[in-house]
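Trainee: I'm passing along coords-v3.cif; it holds mmCIF, C-alpha atoms.
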data_model
loop_
_atom_site.label_atom_id
_atom_site.label_comp_id
_atom_site.auth_asym_id
_atom_site.auth_seq_id
_atom_site.Cartn_x
_atom_site.Cartn_y
_atom_site.Cartn_z
CA MET A 166 0.00 0.00 0.00
CA SER A 167 2.75 2.38 0.95
CA ARG A 168 4.52 1.59 -2.33
CA CYS A 169 1.36 2.44 -4.21
CA ALA A 170 1.08 5.73 -2.34
CA PHE A 171 4.71 6.49 -3.05
CA ALA A 172 4.17 5.78 -6.76
CA LEU A 173 1.17 8.11 -6.72
CA LEU A 174 3.27 10.77 -5.04
CA LEU A 175 5.93 10.44 -7.73
CA LEU A 176 3.30 10.64 -10.45
CA SER A 177 1.90 13.80 -8.89
CA PHE A 178 5.34 15.37 -8.83
CA ALA A 179 5.94 14.35 -12.44
CA ALA A 180 2.62 15.82 -13.54
CA THR A 181 3.30 19.05 -11.64
CA SER A 182 6.75 19.45 -13.11
CA SER A 183 5.65 18.63 -16.66
CA ILE A 184 2.92 21.28 -16.54
CA ALA A 185 5.31 23.77 -15.01
CA ALA A 186 7.70 23.06 -17.88
CA GLU A 187 5.01 23.86 -20.45
CA GLN A 188 5.91 27.48 -20.97
CA GLU A 189 4.08 30.31 -22.60
CA ALA A 190 6.03 31.91 -25.41
CA PHE A 191 5.23 35.35 -23.97
CA PRO A 192 4.29 35.14 -20.29
CA ASP A 193 3.55 38.88 -20.19
CA LEU A 194 0.71 38.57 -22.70
CA ARG A 195 -2.81 39.34 -21.45
CA PRO A 196 -5.51 36.99 -22.76
CA ASP A 197 -7.86 39.85 -23.59
CA ASP A 198 -5.20 41.83 -25.48
CA ARG A 199 -6.40 41.32 -29.04
CA ALA A 200 -3.58 43.34 -30.65
CA GLY A 201 -1.01 41.68 -28.41
CA LEU A 202 -2.27 38.21 -29.35
CA THR A 203 -2.21 39.06 -33.05
CA GLU A 204 1.36 40.36 -32.78
CA ALA A 205 2.45 37.37 -30.68
CA ALA A 206 1.00 34.96 -33.25
CA ARG A 207 2.79 36.78 -36.06
CA VAL A 208 6.10 36.71 -34.18
CA LEU A 209 5.67 33.02 -33.35
CA GLN A 210 4.95 32.17 -36.98
CA GLU A 211 8.18 33.91 -38.00
CA GLU A 212 10.11 32.35 -35.13
CA ILE A 213 8.98 28.82 -35.93
CA LYS A 214 10.49 29.22 -39.39
CA LEU A 215 13.79 30.44 -37.89
CA ALA A 216 13.88 27.83 -35.13
CA GLY A 217 13.75 25.08 -37.73
CA ARG A 218 16.96 26.29 -39.36
CA PRO A 219 20.54 25.64 -38.19
CA GLN A 220 21.30 29.17 -37.04
CA THR A 221 20.99 31.45 -34.07
CA TYR A 222 18.67 34.42 -34.31
CA LEU A 223 17.53 37.43 -32.33
CA LEU A 224 14.10 38.18 -30.98
CA VAL A 225 13.98 41.88 -30.13
CA ASP A 226 11.03 42.00 -27.77
CA LEU A 227 10.05 45.66 -27.45
CA VAL A 228 7.08 44.72 -25.27
CA SER A 229 9.14 43.13 -22.48
CA GLY A 230 12.24 45.24 -23.25
CA THR A 231 14.52 42.27 -23.83
CA ILE A 232 16.71 41.04 -26.65
CA HIS A 233 16.72 37.26 -26.79
CA ILE A 234 19.57 35.41 -28.49
CA LYS A 235 17.92 32.18 -29.54
CA GLY A 236 18.45 28.93 -31.37
CA ARG A 237 15.86 26.20 -31.99
CA GLY A 238 13.42 28.22 -29.94
CA ILE A 239 15.69 28.08 -26.88
CA ASP A 240 16.65 31.23 -25.05
CA LEU A 241 20.45 31.21 -25.10
CA HIS A 242 21.03 34.65 -23.63
CA ARG A 243 18.97 37.69 -22.68
CA ILE A 244 19.98 41.33 -22.94
CA PRO A 245 17.86 44.02 -21.29
CA ILE A 246 16.87 47.08 -23.32
CA GLU A 247 16.93 50.31 -21.32
CA HIS A 248 14.91 52.34 -23.82
CA TRP A 249 13.96 52.02 -27.43
CA TRP A 250 12.50 54.09 -30.21
CA LEU A 251 10.99 52.88 -33.48
CA SER A 252 10.38 55.45 -36.19
CA THR A 253 7.38 53.63 -37.64
CA HIS A 254 5.56 50.31 -37.38
CA ASP A 255 5.19 50.20 -41.16
CA GLY A 256 7.45 47.64 -42.75
CA THR A 257 8.60 46.14 -39.46
CA ALA A 258 6.48 42.99 -39.50
CA ALA A 259 9.14 40.90 -41.19
CA THR A 260 12.14 38.72 -40.57
CA PHE A 261 15.13 41.00 -40.97
CA ARG A 262 18.73 40.04 -41.61
CA LEU A 263 21.80 41.97 -40.55
CA VAL A 264 23.83 42.83 -43.61
CA HIS A 265 26.96 42.58 -41.50
CA ARG A 266 27.89 42.31 -37.85
CA PRO A 267 29.32 45.29 -35.94
CA PRO A 268 32.94 46.04 -36.80
CA VAL A 269 35.63 44.55 -34.59
CA ALA A 270 39.32 45.42 -34.58
CA ARG A 271 40.95 42.03 -34.87
CA ARG A 272 44.61 41.63 -34.03
CA LYS A 273 46.87 40.01 -36.55
CA ILE A 274 49.27 37.22 -35.63
CA GLN A 275 52.83 37.92 -36.74
CA PRO A 276 54.37 34.53 -37.56
CA THR A 277 57.87 35.71 -36.85
CA GLY A 278 56.94 37.46 -33.64
CA ASN A 279 57.71 35.78 -30.34
CA ALA A 280 54.95 37.35 -28.28
CA GLU A 281 51.49 35.75 -28.50
CA GLN A 282 48.85 38.05 -29.89
CA GLU A 283 46.18 39.28 -27.47
CA PRO A 284 42.84 37.63 -28.22
CA VAL A 285 39.73 39.60 -29.04
CA SER A 286 37.58 40.08 -25.96
CA LEU A 287 34.20 41.55 -25.11
CA THR A 288 35.84 44.87 -24.30
CA ASP A 289 37.03 45.12 -27.93
CA MET A 290 33.44 45.20 -29.09
CA PRO A 291 31.85 48.56 -29.93
CA THR A 292 29.28 50.15 -27.64
CA THR A 293 27.72 52.23 -30.40
CA TYR A 294 26.86 50.91 -33.84
CA THR A 295 24.36 51.24 -36.65
CA LEU A 296 23.61 48.16 -38.70
CA PRO A 297 21.78 48.10 -42.02
CA CYS A 298 19.37 45.22 -42.47
CA THR A 299 17.34 43.60 -45.20
CA PRO A 300 14.48 44.31 -45.77
CA SER A 301 15.39 47.92 -45.26
CA LEU A 302 15.72 48.85 -41.59
CA PHE A 303 18.40 50.63 -39.58
CA LEU A 304 19.24 49.06 -36.25
CA GLU A 305 21.08 51.52 -34.03
CA VAL A 306 22.57 50.66 -30.66
CA VAL A 307 23.67 53.48 -28.36
CA PRO A 308 24.69 53.66 -24.71
CA PRO A 309 22.53 55.55 -22.23
CA ALA A 310 23.31 59.20 -21.56
CA ARG A 311 24.44 58.44 -18.00
CA GLU A 312 27.24 56.20 -19.31
CA HIS A 313 28.40 58.07 -22.41
CA LEU A 314 26.81 61.51 -22.55
CA TRP A 315 28.91 62.58 -25.54
CA LEU A 316 28.09 59.47 -27.63
CA TRP A 317 24.43 59.65 -26.66
CA THR A 318 24.21 63.34 -27.58
CA LEU A 319 26.01 62.78 -30.87
CA SER A 320 23.76 59.84 -31.73
CA SER A 321 20.62 61.74 -30.76
CA GLY A 322 21.69 64.68 -32.91
CA ARG A 323 22.31 62.38 -35.86
CA LEU A 324 18.96 60.72 -35.30
CA TRP A 325 17.16 64.06 -35.10
CA TRP A 326 18.86 65.27 -38.28
CA GLY A 327 18.20 61.96 -40.04
CA GLN A 328 14.50 62.13 -39.20
CA LEU A 329 14.30 65.74 -40.31
CA THR A 330 15.83 64.96 -43.70
CA ALA A 331 13.72 61.81 -44.02
CA TRP A 332 10.54 63.78 -43.41
CA GLY A 333 11.73 66.36 -45.92
CA THR A 334 12.40 63.68 -48.52
CA GLN A 335 9.04 62.10 -47.82
CA TRP A 336 7.30 65.45 -48.17
CA ILE A 337 9.07 66.33 -51.42
CA ALA A 338 9.40 62.95 -53.14
CA GLY A 339 6.60 61.09 -51.38
CA GLN A 340 9.04 58.32 -50.53
CA ALA A 341 8.83 56.85 -47.02
CA PRO A 342 12.20 56.44 -45.27
CA PRO A 343 13.18 52.97 -44.04
CA PRO A 344 12.23 52.18 -40.45
CA HIS A 345 14.80 53.07 -37.82
CA LEU A 346 15.05 51.15 -34.54
CA ARG A 347 17.10 52.73 -31.81
CA LEU A 348 18.05 50.56 -28.84
CA ILE A 349 19.63 52.07 -25.77
CA LEU A 350 21.74 49.41 -24.08
CA SER A 351 24.31 49.67 -21.34
CA ALA A 352 27.86 49.50 -22.71
CA ASP A 353 28.35 45.93 -21.41
CA HIS A 354 25.15 44.73 -23.00
CA ALA A 355 25.86 46.52 -26.28
CA GLN A 356 29.23 44.75 -26.41
CA SER A 357 27.65 41.44 -25.52
CA LEU A 358 25.11 41.84 -28.32
CA ALA A 359 27.82 42.85 -30.81
CA TRP A 360 29.84 39.77 -29.87
CA SER A 361 26.98 37.38 -30.59
CA MET A 362 25.96 38.92 -33.89
CA VAL A 363 27.05 37.32 -37.14
CA ASP A 364 26.79 38.45 -40.74
CA GLY A 365 23.34 37.69 -42.11
CA MET A 366 21.90 36.95 -38.68
CA PRO A 367 18.10 36.99 -38.76
CA PHE A 368 16.02 38.85 -36.24
CA ILE A 369 12.39 39.58 -35.56
CA LEU A 370 10.69 42.36 -33.68
CA ARG A 371 7.84 41.97 -31.25
CA ARG A 372 6.17 45.36 -31.22
CA PRO A 373 3.77 46.86 -28.76
CA ALA A 374 0.28 47.63 -29.99
CA SER A 375 0.71 51.37 -29.90
CA MET B 275 2.41 7.11 6.81
CA THR B 276 0.40 5.83 3.84
CA ARG B 277 -2.45 8.20 4.66
CA ALA B 278 -0.06 11.05 4.93
CA LEU B 279 1.40 10.28 1.51
CA LEU B 280 -2.04 9.92 -0.02
CA SER B 281 -3.08 13.24 1.52
CA LEU B 282 0.02 14.86 0.06
CA CYS B 283 -0.88 13.40 -3.35
CA ALA B 284 -4.37 14.78 -3.05
CA ILE B 285 -3.08 18.23 -2.07
CA LEU B 286 -0.63 18.25 -4.97
CA THR B 287 -3.31 17.16 -7.43
CA ILE B 288 -5.75 19.80 -6.17
CA GLY B 289 -2.99 22.39 -6.35
CA LEU B 290 -2.20 21.30 -9.87
CA LEU B 291 -5.80 21.49 -10.98
CA SER B 292 -6.34 24.83 -9.32
CA SER B 293 -3.29 26.23 -11.13
CA THR B 294 -4.88 25.39 -14.48
CA ILE B 295 -8.38 26.64 -13.60
CA PRO B 296 -9.07 30.03 -15.21
CA ARG B 297 -9.00 32.99 -12.87
CA ASN B 298 -10.21 36.52 -13.26
CA GLY B 299 -7.09 38.06 -11.82
CA PRO B 300 -5.75 41.42 -12.90
CA SER B 301 -3.25 40.01 -15.39
CA PRO B 302 -3.69 36.32 -16.06
CA ALA B 303 -1.44 34.57 -18.54
CA VAL B 304 -2.94 33.25 -21.74
CA GLY B 305 -2.33 29.69 -20.52
CA SER B 306 -5.06 30.25 -17.91
CA LEU B 307 -7.64 31.86 -20.12
CA PRO B 308 -10.72 33.37 -18.52
CA GLN B 309 -13.85 31.89 -20.05
CA SER B 310 -16.14 34.89 -20.19
CA PRO B 311 -14.47 37.40 -22.60
CA ALA B 312 -13.40 34.70 -25.04
CA ALA B 313 -16.73 32.91 -24.88
CA GLU B 314 -18.47 36.16 -25.81
CA ASP B 315 -15.98 36.96 -28.55
CA PRO B 316 -15.23 34.10 -30.95
CA ASP B 317 -12.52 36.10 -32.71
CA LEU B 318 -10.66 36.61 -29.46
CA ARG B 319 -11.08 32.95 -28.65
CA GLN B 320 -9.64 32.03 -32.04
CA LEU B 321 -6.64 34.29 -31.45
CA GLN B 322 -6.01 32.66 -28.09
CA VAL B 323 -6.23 29.18 -29.58
CA GLN B 324 -3.88 30.15 -32.41
CA TYR B 325 -1.40 31.67 -29.97
CA ARG B 326 -1.39 28.58 -27.79
CA ALA B 327 -1.02 26.26 -30.80
CA LEU B 328 1.94 28.28 -32.09
CA SER B 329 3.56 28.35 -28.63
CA LYS B 330 3.25 24.58 -28.52
CA GLN B 331 4.65 24.23 -32.04
CA LEU B 332 7.69 26.30 -31.08
CA ALA B 333 8.19 24.27 -27.90
CA GLN B 334 8.17 21.10 -29.97
CA LEU B 335 11.16 22.37 -31.96
CA MET B 336 13.22 22.60 -28.78
CA PRO B 337 15.49 19.59 -28.16
CA GLN B 338 13.89 17.02 -25.87
CA GLN B 339 17.24 15.35 -25.18
CA PRO B 340 20.28 17.00 -23.55
CA TYR B 341 21.95 19.64 -25.68
CA ILE B 342 25.14 21.66 -25.52
CA VAL B 343 25.25 25.45 -25.29
CA VAL B 344 28.53 27.34 -25.70
CA ASP B 345 28.85 30.98 -24.63
CA THR B 346 31.94 32.18 -26.50
CA ALA B 347 31.94 35.61 -24.84
CA ARG B 348 32.13 34.22 -21.33
CA ASN B 349 33.92 31.00 -22.30
CA ARG B 350 31.47 28.57 -20.77
CA LEU B 351 30.02 25.32 -22.00
CA TYR B 352 26.74 24.08 -20.63
CA ILE B 353 24.90 20.84 -21.02
CA LYS B 354 21.20 21.50 -20.59
CA ARG B 355 18.15 19.34 -20.50
CA LYS B 356 14.80 21.08 -21.01
CA GLY B 357 16.36 24.37 -19.99
CA ALA B 358 17.92 23.03 -16.79
CA ILE B 359 21.70 23.15 -16.49
CA VAL B 360 23.22 19.68 -16.11
CA LEU B 361 26.85 20.76 -16.54
CA ASP B 362 28.44 24.19 -16.29
CA ALA B 363 32.04 24.03 -17.50
CA LEU B 364 34.79 26.58 -17.98
CA ALA B 365 35.99 26.47 -21.59
CA SER B 366 38.34 28.17 -24.01
CA THR B 367 37.01 29.31 -27.34
CA GLY B 368 38.28 31.11 -30.43
CA SER B 369 40.71 34.01 -30.07
CA GLY B 370 39.25 36.06 -32.92
CA THR B 371 42.75 36.85 -34.19
CA ILE B 372 43.72 36.67 -37.84
CA LEU B 373 46.64 35.19 -39.74
CA ASP B 374 47.54 35.99 -43.33
CA LYS B 375 47.69 33.09 -45.75
CA PRO B 376 51.09 33.18 -47.44
CA GLY B 377 50.90 33.34 -51.23
CA ASP B 378 47.20 34.23 -51.15
CA ALA B 379 46.75 37.97 -51.45
CA GLY B 380 43.97 39.01 -49.13
CA GLY B 381 43.49 35.47 -47.85
CA GLN B 382 43.26 35.12 -44.08
CA TRP B 383 42.45 32.63 -41.40
CA ILE B 384 40.08 34.01 -38.77
CA PHE B 385 40.29 32.09 -35.53
CA ASP B 386 36.69 32.37 -34.39
CA THR B 387 34.58 29.65 -32.88
CA PRO B 388 31.68 29.45 -35.32
CA ARG B 389 28.35 30.74 -34.01
CA GLY B 390 25.10 29.00 -34.79
CA GLN B 391 23.50 25.62 -34.47
CA PHE B 392 25.54 22.46 -34.98
CA ALA B 393 25.38 18.83 -33.95
CA VAL B 394 27.88 16.30 -32.66
CA GLN B 395 29.09 14.51 -35.79
CA SER B 396 31.78 12.28 -34.37
CA LYS B 397 33.04 10.98 -31.03
CA LEU B 398 36.70 10.04 -30.78
CA THR B 399 38.80 8.50 -28.05
CA LYS B 400 42.53 9.16 -27.79
CA PRO B 401 42.37 11.68 -30.64
CA VAL B 402 45.49 12.81 -32.45
CA TRP B 403 45.91 16.29 -33.86
CA VAL B 404 46.60 16.50 -37.56
CA LYS B 405 48.12 19.95 -37.62
CA PRO B 406 46.68 22.19 -40.33
CA ASP B 407 48.77 24.61 -42.36
CA TRP B 408 48.14 27.55 -40.05
CA ALA B 409 49.66 25.70 -37.07
CA PHE B 410 53.02 25.71 -38.85
CA ILE B 411 52.71 29.14 -40.41
CA GLU B 412 51.89 30.95 -37.18
CA GLU B 413 55.05 29.46 -35.66
CA GLY B 414 57.08 30.60 -38.63
CA LEU B 415 57.71 27.00 -39.75
CA THR B 416 57.53 25.45 -43.19
CA VAL B 417 54.43 23.41 -43.92
CA PRO B 418 55.60 19.78 -44.22
CA LYS B 419 54.93 17.80 -47.37
CA ASN B 420 54.86 14.49 -45.55
CA PRO B 421 51.41 14.07 -43.86
CA ALA B 422 52.97 11.99 -41.09
CA GLU B 423 54.85 15.07 -39.93
CA ARG B 424 51.55 16.79 -39.17
CA VAL B 425 50.42 14.25 -36.59
CA GLU B 426 50.77 15.19 -32.95
CA GLN B 427 49.62 12.93 -30.14
CA GLY B 428 48.47 13.67 -26.61
CA VAL B 429 47.54 17.34 -27.03
CA LEU B 430 43.75 17.01 -27.42
CA GLY B 431 43.04 15.03 -24.24
CA GLU B 432 41.29 11.69 -23.97
CA TYR B 433 38.26 12.52 -26.09
CA ALA B 434 37.15 14.75 -28.94
CA LEU B 435 33.70 15.51 -30.29
CA GLY B 436 33.61 16.81 -33.83
CA PHE B 437 30.91 19.25 -34.90
CA GLY B 438 31.91 19.90 -38.51
CA LYS B 439 34.45 21.74 -40.66
CA GLY B 440 37.32 20.54 -38.50
CA TYR B 441 36.00 22.03 -35.26
CA PHE B 442 36.10 19.88 -32.11
CA ILE B 443 35.32 19.96 -28.43
CA HIS B 444 38.48 18.52 -26.94
CA GLY B 445 40.85 18.57 -23.97
CA THR B 446 43.90 20.72 -23.40
CA LEU B 447 47.33 20.74 -21.84
CA TYR B 448 46.88 24.45 -21.09
CA THR B 449 44.22 24.31 -18.37
CA ARG B 450 45.42 27.65 -16.96
CA LEU B 451 44.03 29.27 -20.12
CA LEU B 452 40.50 27.93 -19.61
CA GLY B 453 38.08 30.83 -19.40
CA LYS B 454 39.98 32.78 -22.07
CA ASN B 455 39.58 33.19 -25.81
CA VAL B 456 42.77 31.54 -26.93
CA THR B 457 41.91 28.76 -29.39
CA HIS B 458 41.87 28.62 -33.16
CA GLY B 459 38.13 27.92 -33.11
CA CYS B 460 37.89 24.63 -31.24
CA ILE B 461 36.36 24.42 -27.76
CA ARG B 462 38.70 23.26 -25.02
CA LEU B 463 37.64 21.75 -21.69
CA ASN B 464 39.43 20.24 -18.72
CA ASP B 465 39.66 16.45 -18.50
CA GLY B 466 36.76 15.95 -16.08
CA ASP B 467 34.28 18.12 -17.95
CA LEU B 468 35.37 16.64 -21.27
CA LYS B 469 34.64 13.15 -19.96
CA THR B 470 31.16 14.23 -18.83
CA VAL B 471 30.42 15.81 -22.20
CA TYR B 472 31.69 12.71 -23.99
CA GLN B 473 29.49 10.46 -21.87
CA MET B 474 26.34 12.59 -22.15
CA ALA B 475 26.54 13.58 -25.82
CA HIS B 476 25.73 11.33 -28.71
CA VAL B 477 26.15 11.73 -32.42
CA GLY B 478 23.34 14.16 -33.30
CA THR B 479 23.31 15.99 -29.95
CA PRO B 480 22.60 19.66 -30.78
CA ILE B 481 25.32 22.23 -30.08
CA LEU B 482 24.19 25.86 -29.91
CA ILE B 483 27.02 28.38 -30.00
CA PHE B 484 26.63 32.11 -29.50
#
Translate the structure of the given file into structure tokens.
Mentor:
Amino acid sequence: MSRCAFALLLLSFAATSSIAAEQEAFPDLRPDDRAGLTEAARVLQEEIKLAGRPQTYLLVDLVSGTIHIKGRGIDLHRIPIEHWWLSTHDGTAATFRLVHRPPVARRKIQPTGNAEQEPVSLTDMPTTYTLPCTPSLFLEVVPPAREHLWLWTLSSGRLWWGQLTAWGTQWIAGQAPPPHLRLILSADHAQSLAWSMVDGMPFILRRPAS
Amino acid sequence: MTRALLSLCAILTIGLLSSTIPRNGPSPAVGSLPQSPAAEDPDLRQLQVQYRALSKQLAQLMPQQPYIVVDTARNRLYIKRKGAIVLDALASTGSGTILDKPGDAGGQWIFDTPRGQFAVQSKLTKPVWVKPDWAFIEEGLTVPKNPAERVEQGVLGEYALGFGKGYFIHGTLYTRLLGKNVTHGCIRLNDGDLKTVYQMAHVGTPILIF
């Protein structure tokens, strides 16, 4: 009898743990949020395609403020977003690809040299970078003003000027500028993201309803 | 004792059921959908069903067996099973340095550990290192014509797991360098961790590198 009870106890634990393991893709999603559900379904459809391919990809979740580095649907690493700005929602419901990864100054081994060359490390990665993507989108990463006031101010000025000229072009030529996503990440996280990016890396955006 | 165990089973089962019963809390997850709004709105209900089906589809793409995750920025190798860490090992990964190919204008070797999704393709015991051209060139030596002169024994540890294009997870004589980016792209581990990885991984075990 006690063995039977013990088996039942084990079964209960197993059932509890298996249900706990069944995770929601977006735990922050409210069941009555129609726009949120529509966006989540779109993102999941895109992600399922990516997760079936032998590559890592990024899910830039603007709703939860997190960048997920993923592979096969598994969260490999998470990077918090401090703030973000997206110029327009138009044209952002797609799977984007980075044209190239952020630049890194690699050190060259001198075959005749005796000293071993210093390896590339996280600190060699840039903290500020703008990456073109296909379909057309500009992904800009900048540090927060509290960490690098000068870089933040410079980037904000460029962004302001870029938007002004884009609006001007749109007004004159009737041509909409490509979307621009600005992510404000701490220097460490910007470097961590730059490290994990590869040429042609796909990424998808989960956008808030408004 | 038996009664106590049975009572515990009952409590766990009730707890389990109650966790899946819909609630009208302020922010319930979609997994515990409230009946009333969705029942009144078939479109919303359909969105919820679609979202849950897609979440499940994504979860099914995740490996059900143990898999290997390599964090090249922090030089760590993990074995995980359903998201839980089974092994957390200090590793050495690619240095990111470059070496010019002699006689090939513009040709370079880049000593990065490849990022992306791979799988264990081979498992070797007592592996020998067949030194590639770059191993001689970076030391300022002439590349031998006799293949036998490329073979070096005892430098890769007791085991090696190949994951394609000449990249391996293997052991090292330089354990003091574990935790640093010093390799030519392979992933080095200490003897104990290498043995665990060898025992837990099979041909086909996914390797996710970021």
Trainee: Rounded to one decimal, what separation in Å do you get between CA of Asp345 (chain B) and CA of Ile384 (chain B)?
Mentor: 18.3 Å
Trainee: Which residues are close to region 396-413 of chain B, i.e. within 8 Å by all atoms listed in the file, leaving aside same-chain residues fewer than 3 positions away? Reply as a VMD selection string.
Mentor: (chain A and resid 274 to 277) or (chain B and resid 373 375 383 416 to 417 424 to 437 472 476 to 477)
Trainee: Output C-alpha atoms for every residue in that selection, as an mmCIF file, keeping the file's coordinate frame.
Mentor:
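The resulting result17.cif:
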data_model
loop_
_atom_site.group_PDB
_atom_site.id
_atom_site.type_symbol
_atom_site.label_atom_id
_atom_site.label_comp_id
_atom_site.auth_asym_id
_atom_site.auth_seq_id
_atom_site.Cartn_x
_atom_site.Cartn_y
_atom_site.Cartn_z
ATOM 1 C CA ILE A 274 49.270 37.220 -35.630
ATOM 2 C CA GLN A 275 52.830 37.920 -36.740
ATOM 3 C CA PRO A 276 54.370 34.530 -37.560
ATOM 4 C CA THR A 277 57.870 35.710 -36.850
ATOM 5 C CA LEU B 373 46.640 35.190 -39.740
ATOM 6 C CA LYS B 375 47.690 33.090 -45.750
ATOM 7 C CA TRP B 383 42.450 32.630 -41.400
ATOM 8 C CA THR B 416 57.530 25.450 -43.190
ATOM 9 C CA VAL B 417 54.430 23.410 -43.920
ATOM 10 C CA ARG B 424 51.550 16.790 -39.170
ATOM 11 C CA VAL B 425 50.420 14.250 -36.590
ATOM 12 C CA GLU B 426 50.770 15.190 -32.950
ATOM 13 C CA GLN B 427 49.620 12.930 -30.140
ATOM 14 C CA GLY B 428 48.470 13.670 -26.610
ATOM 15 C CA VAL B 429 47.540 17.340 -27.030
ATOM 16 C CA LEU B 430 43.750 17.010 -27.420
ATOM 17 C CA GLY B 431 43.040 15.030 -24.240
ATOM 18 C CA GLU B 432 41.290 11.690 -23.970
ATOM 19 C CA TYR B 433 38.260 12.520 -26.090
ATOM 20 C CA ALA B 434 37.150 14.750 -28.940
ATOM 21 C CA LEU B 435 33.700 15.510 -30.290
ATOM 22 C CA GLY B 436 33.610 16.810 -33.830
ATOM 23 C CA PHE B 437 30.910 19.250 -34.900
ATOM 24 C CA TYR B 472 31.690 12.710 -23.990
ATOM 25 C CA HIS B 476 25.730 11.330 -28.710
ATOM 26 C CA VAL B 477 26.150 11.730 -32.420
#
Trainee: Point out the residue among A:Asp289, A:Glu247, A:Glu312, A:Asp255 with the least atom-to-atom distance to chain B, counting all atoms listed in the file.
Mentor: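 The answer is A:Asp289, which sits nearest to chain B.
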Trainee: Tell me which of B:Thr479, B:Gln334, B:Asn420, B:Thr449 sits closest to chain A, counting only C-alpha atoms.
Mentor: B:Gln334
Trainee: Once 3 Å is added on each side, what are the centre and the three edge lengths, in Å to one decimal, of the axis-aligned box enclosing the listed atoms of region 326-343 of chain B? Present them as AutoDock Vina command-line options.
Mentor:
--center_x 11.9 --center_y 22.0 --center_z -27.8 --size_x 32.6 --size_y 19.2 --size_z 14.5
Trainee: Could you check how far CA of Asp197 (chain A) sits from CA of Asp315 (chain B), in Å to one decimal?
Mentor: 9.9 Å
Trainee: Out of A:Val307, A:Leu302, A:Val269, A:Leu316, which residue has the shortest atom-to-atom distance to Pro342 (chain A) when counting all atoms listed in the file?
Mentor: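 That would be A:Leu302, the residue with the smallest distance to Pro342 (chain A).
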Trainee: What residues come out when you apply the PyMOL selection byres ((chain B and resi 452) around 10) to this file, written as a list in words?
Mentor: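 So the PyMOL selection byres ((chain B and resi 452) around 10), applied here, picks out Asn349, Arg350, Ala363, Leu364, Ala365, Ser366, Thr367, Thr446, Tyr448, Thr449, Arg450, Leu451, Gly453, Lys454, Asn455, Val456, Thr457, Ile461, Arg462, Leu463 and Asn464 of chain B.
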